[in-house]
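A quick write-up on the structure given underneath.
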Amino acid sequence: MTMNSPIWKIWTFPIKKGEREVSVIEKKWTGLSKELFTDADNFRVRFIDAKLTADEKLLLLAGVVFTDLLYFETKASS
(Lines give C-alpha, C1' and ligand atoms only; values in the text may rest on other atoms or scores of the structure.)
Protein backbone atom coordinates (compact mmCIF):
# COMPACT_ATOMS: atom_id res chain seq x y z
CA MET A 1 0.00 0.00 0.00
CA THR A 2 1.12 3.56 -0.67
CA MET A 3 0.08 6.89 0.80
CA ASN A 4 0.39 10.35 -0.74
CA SER A 5 -1.14 13.67 0.20
CA PRO A 6 -2.24 15.97 -2.61
CA ILE A 7 -0.89 19.54 -2.40
CA TRP A 8 -4.39 21.06 -2.36
CA LYS A 9 -5.67 18.69 0.39
CA ILE A 10 -2.85 18.69 2.92
CA TRP A 11 -4.83 16.89 5.64
CA THR A 12 -6.11 14.08 3.41
CA PHE A 13 -4.05 10.93 2.82
CA PRO A 14 -5.45 8.50 0.22
CA ILE A 15 -4.18 4.93 0.59
CA LYS A 16 -3.75 2.90 -2.61
CA LYS A 17 -3.15 -0.78 -3.08
CA GLY A 18 -1.67 -0.98 -6.54
CA GLU A 19 -3.70 1.49 -8.60
CA ARG A 20 -6.90 1.09 -6.56
CA GLU A 21 -7.80 3.44 -3.69
CA VAL A 22 -8.71 1.32 -0.66
CA SER A 23 -8.85 3.82 2.21
CA VAL A 24 -8.48 7.47 3.18
CA ILE A 25 -6.94 8.91 6.34
CA GLU A 26 -8.16 12.43 7.17
CA LYS A 27 -7.16 14.86 9.89
CA LYS A 28 -10.33 16.61 10.98
CA TRP A 29 -10.56 20.31 11.87
CA THR A 30 -11.46 20.55 15.56
CA GLY A 31 -12.06 24.28 15.87
CA LEU A 32 -9.88 27.32 16.32
CA SER A 33 -9.47 27.20 20.08
CA LYS A 34 -8.58 23.51 20.20
CA GLU A 35 -6.16 23.85 17.28
CA LEU A 36 -4.44 26.87 18.84
CA PHE A 37 -4.25 25.84 22.48
CA THR A 38 -3.85 22.06 22.46
CA ASP A 39 -1.78 19.46 20.67
CA ALA A 40 -4.77 17.13 20.23
CA ASP A 41 -5.63 15.89 16.75
CA ASN A 42 -8.66 14.01 15.48
CA PHE A 43 -8.27 11.57 12.62
CA ARG A 44 -10.79 9.56 10.63
CA VAL A 45 -10.14 6.42 8.59
CA ARG A 46 -12.56 5.60 5.79
CA PHE A 47 -12.32 2.05 4.46
CA ILE A 48 -13.38 2.29 0.82
CA ASP A 49 -12.64 -1.27 -0.26
CA ALA A 50 -14.95 -3.81 1.39
CA LYS A 51 -12.46 -6.59 0.59
CA LEU A 52 -9.85 -5.37 3.08
CA THR A 53 -8.82 -8.06 5.54
CA ALA A 54 -8.71 -7.52 9.30
CA ASP A 55 -4.90 -7.42 9.15
CA GLU A 56 -4.99 -4.73 6.44
CA LYS A 57 -7.44 -2.65 8.50
CA LEU A 58 -5.14 -2.93 11.53
CA LEU A 59 -2.23 -1.84 9.34
CA LEU A 60 -4.22 1.20 8.23
CA LEU A 61 -5.04 2.10 11.85
CA ALA A 62 -1.34 1.89 12.65
CA GLY A 63 -0.80 4.16 9.65
CA VAL A 64 -2.99 6.80 11.31
CA VAL A 65 -0.79 6.81 14.41
CA PHE A 66 2.34 6.85 12.24
CA THR A 67 0.99 9.77 10.18
CA ASP A 68 0.24 11.75 13.33
CA LEU A 69 3.64 11.07 14.92
CA LEU A 70 5.71 11.55 11.79
CA TYR A 71 4.00 14.50 10.14
CA PHE A 72 1.95 16.47 12.63
CA GLU A 73 3.92 16.00 15.86
CA THR A 74 7.30 16.79 14.26
CA LYS A 75 5.82 19.89 12.62
CA ALA A 76 4.48 21.11 15.97
CA SER A 77 7.78 20.63 17.80
CA SER A 78 10.00 22.32 15.18
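Quick note on naming: the chains in the C-alpha coordinates go A, B, ... in the order shown, residues restart at 1 in each chain, and ligands are numbered from 1 in order of appearance.
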
| How would you write, as a VMD selection string, the set of residues in region 2-70 of chain A that DSSP gives as strand (DSSP E)? | chain A and resid 2 to 3 12 to 17 20 to 28 42 to 47

| query | Within 6 Å of region 16-22 of chain A, counting only C-alpha atoms, which residues qualify if same-chain residues fewer than 6 places away don't, as a PyMOL selection string? | reply | chain A and resi 1-2+48-49

| task | For each of A:Val64, A:Trp29, A:Asp55, A:Asp41, take the minimum atom-to-atom distance to Pro14 (chain A), counting only C-alpha atoms, then give the residue where this is smallest. | result |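 Of A:Val64, A:Trp29, A:Asp55, A:Asp41, the one nearest Pro14 (chain A), counting only C-alpha atoms, is A:Val64.
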
Could you go through chain A and tell me which residues DSSP, when run on the backbone, assigns to helix (DSSP H, G or I), listing them as a PDB file with N, CA and C atoms, in the first residue's frame?
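The result, written out as states_19.pdb:
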ATOM      1  N   LEU A  32     -10.999  26.406  16.136  1.00  0.00           N
ATOM      2  CA  LEU A  32      -9.883  27.323  16.315  1.00  0.00           C
ATOM      3  C   LEU A  32      -9.247  27.224  17.701  1.00  0.00           C
ATOM      4  N   SER A  33     -10.045  27.212  18.733  1.00  0.00           N
ATOM      5  CA  SER A  33      -9.469  27.201  20.082  1.00  0.00           C
ATOM      6  C   SER A  33      -8.725  25.903  20.370  1.00  0.00           C
ATOM      7  N   LYS A  34      -9.269  24.780  19.960  1.00  0.00           N
ATOM      8  CA  LYS A  34      -8.581  23.509  20.196  1.00  0.00           C
ATOM      9  C   LYS A  34      -7.306  23.420  19.368  1.00  0.00           C
ATOM     10  N   GLU A  35      -7.346  23.887  18.136  1.00  0.00           N
ATOM     11  CA  GLU A  35      -6.161  23.848  17.284  1.00  0.00           C
ATOM     12  C   GLU A  35      -5.056  24.768  17.813  1.00  0.00           C
ATOM     13  N   LEU A  36      -5.436  25.925  18.354  1.00  0.00           N
ATOM     14  CA  LEU A  36      -4.436  26.871  18.842  1.00  0.00           C
ATOM     15  C   LEU A  36      -3.848  26.494  20.203  1.00  0.00           C
ATOM     16  N   PHE A  37      -4.677  25.990  21.098  1.00  0.00           N
ATOM     17  CA  PHE A  37      -4.253  25.844  22.484  1.00  0.00           C
ATOM     18  C   PHE A  37      -3.952  24.414  22.925  1.00  0.00           C
ATOM     19  N   ALA A  54      -8.873  -8.092   7.961  1.00  0.00           N
ATOM     20  CA  ALA A  54      -8.710  -7.521   9.300  1.00  0.00           C
ATOM     21  C   ALA A  54      -7.274  -7.059   9.517  1.00  0.00           C
ATOM     22  N   ASP A  55      -6.302  -7.815   9.011  1.00  0.00           N
ATOM     23  CA  ASP A  55      -4.900  -7.417   9.145  1.00  0.00           C
ATOM     24  C   ASP A  55      -4.610  -6.121   8.386  1.00  0.00           C
ATOM     25  N   GLU A  56      -5.196  -5.956   7.216  1.00  0.00           N
ATOM     26  CA  GLU A  56      -4.992  -4.729   6.443  1.00  0.00           C
ATOM     27  C   GLU A  56      -5.632  -3.534   7.143  1.00  0.00           C
ATOM     28  N   LYS A  57      -6.791  -3.740   7.756  1.00  0.00           N
ATOM     29  CA  LYS A  57      -7.436  -2.652   8.500  1.00  0.00           C
ATOM     30  C   LYS A  57      -6.601  -2.254   9.714  1.00  0.00           C
ATOM     31  N   LEU A  58      -6.030  -3.236  10.403  1.00  0.00           N
ATOM     32  CA  LEU A  58      -5.143  -2.926  11.527  1.00  0.00           C
ATOM     33  C   LEU A  58      -3.902  -2.171  11.059  1.00  0.00           C
ATOM     34  N   LEU A  59      -3.369  -2.549   9.909  1.00  0.00           N
ATOM     35  CA  LEU A  59      -2.230  -1.844   9.339  1.00  0.00           C
ATOM     36  C   LEU A  59      -2.583  -0.392   9.033  1.00  0.00           C
ATOM     37  N   LEU A  60      -3.781  -0.161   8.525  1.00  0.00           N
ATOM     38  CA  LEU A  60      -4.219   1.197   8.228  1.00  0.00           C
ATOM     39  C   LEU A  60      -4.412   2.005   9.511  1.00  0.00           C
ATOM     40  N   LEU A  61      -4.923   1.394  10.567  1.00  0.00           N
ATOM     41  CA  LEU A  61      -5.044   2.096  11.848  1.00  0.00           C
ATOM     42  C   LEU A  61      -3.667   2.462  12.402  1.00  0.00           C
ATOM     43  N   ALA A  62      -2.706   1.568  12.249  1.00  0.00           N
ATOM     44  CA  ALA A  62      -1.337   1.888  12.651  1.00  0.00           C
ATOM     45  C   ALA A  62      -0.787   3.028  11.791  1.00  0.00           C
ATOM     46  N   GLY A  63      -1.211   3.080  10.532  1.00  0.00           N
ATOM     47  CA  GLY A  63      -0.802   4.163   9.646  1.00  0.00           C
ATOM     48  C   GLY A  63      -1.296   5.522  10.116  1.00  0.00           C
ATOM     49  N   VAL A  64      -2.460   5.552  10.758  1.00  0.00           N
ATOM     50  CA  VAL A  64      -2.988   6.804  11.312  1.00  0.00           C
ATOM     51  C   VAL A  64      -2.062   7.314  12.412  1.00  0.00           C
ATOM     52  N   VAL A  65      -1.684   6.423  13.318  1.00  0.00           N
ATOM     53  CA  VAL A  65      -0.785   6.813  14.405  1.00  0.00           C
ATOM     54  C   VAL A  65       0.556   7.252  13.844  1.00  0.00           C
ATOM     55  N   PHE A  66       1.073   6.506  12.875  1.00  0.00           N
ATOM     56  CA  PHE A  66       2.341   6.850  12.244  1.00  0.00           C
ATOM     57  C   PHE A  66       2.270   8.213  11.557  1.00  0.00           C
ATOM     58  N   THR A  67       1.170   8.478  10.861  1.00  0.00           N
ATOM     59  CA  THR A  67       0.991   9.766  10.185  1.00  0.00           C
ATOM     60  C   THR A  67       0.992  10.906  11.195  1.00  0.00           C
ATOM     61  N   ASP A  68       0.289  10.727  12.300  1.00  0.00           N
ATOM     62  CA  ASP A  68       0.244  11.755  13.333  1.00  0.00           C
ATOM     63  C   ASP A  68       1.631  11.988  13.921  1.00  0.00           C
ATOM     64  N   LEU A  69       2.320  10.923  14.292  1.00  0.00           N
ATOM     65  CA  LEU A  69       3.636  11.068  14.916  1.00  0.00           C
ATOM     66  C   LEU A  69       4.674  11.623  13.956  1.00  0.00           C
ATOM     67  N   LEU A  70       4.683  11.135  12.742  1.00  0.00           N
ATOM     68  CA  LEU A  70       5.708  11.546  11.790  1.00  0.00           C
ATOM     69  C   LEU A  70       5.477  12.938  11.229  1.00  0.00           C
ATOM     70  N   TYR A  71       4.259  13.237  10.832  1.00  0.00           N
ATOM     71  CA  TYR A  71       4.000  14.496  10.145  1.00  0.00           C
ATOM     72  C   TYR A  71       3.561  15.606  11.082  1.00  0.00           C
ATOM     73  N   PHE A  72       2.529  15.388  11.859  1.00  0.00           N
ATOM     74  CA  PHE A  72       1.950  16.474  12.626  1.00  0.00           C
ATOM     75  C   PHE A  72       2.709  16.765  13.911  1.00  0.00           C
ATOM     76  N   GLU A  73       3.208  15.748  14.600  1.00  0.00           N
ATOM     77  CA  GLU A  73       3.921  15.996  15.858  1.00  0.00           C
ATOM     78  C   GLU A  73       5.296  16.599  15.598  1.00  0.00           C
ATOM     79  N   THR A  74       5.997  16.196  14.549  1.00  0.00           N
ATOM     80  CA  THR A  74       7.304  16.786  14.262  1.00  0.00           C
ATOM     81  C   THR A  74       7.150  18.209  13.756  1.00  0.00           C
ATOM     82  N   LYS A  75       6.063  18.516  13.059  1.00  0.00           N
ATOM     83  CA  LYS A  75       5.819  19.889  12.616  1.00  0.00           C
ATOM     84  C   LYS A  75       5.553  20.795  13.808  1.00  0.00           C
ATOM     85  N   ALA A  76       4.825  20.308  14.803  1.00  0.00           N
ATOM     86  CA  ALA A  76       4.475  21.109  15.967  1.00  0.00           C
ATOM     87  C   ALA A  76       5.697  21.382  16.843  1.00  0.00           C
ATOM     88  N   SER A  77       6.629  20.451  16.904  1.00  0.00           N
ATOM     89  CA  SER A  77       7.776  20.628  17.800  1.00  0.00           C
ATOM     90  C   SER A  77       8.918  21.386  17.142  1.00  0.00           C
TER      91      SER A  77
END

| task | Figure out the distance between CA of Thr53 (chain A) and CA of Ala40 (chain A), please, to one decimal in Å. | result |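 The value is 29.4 Å.
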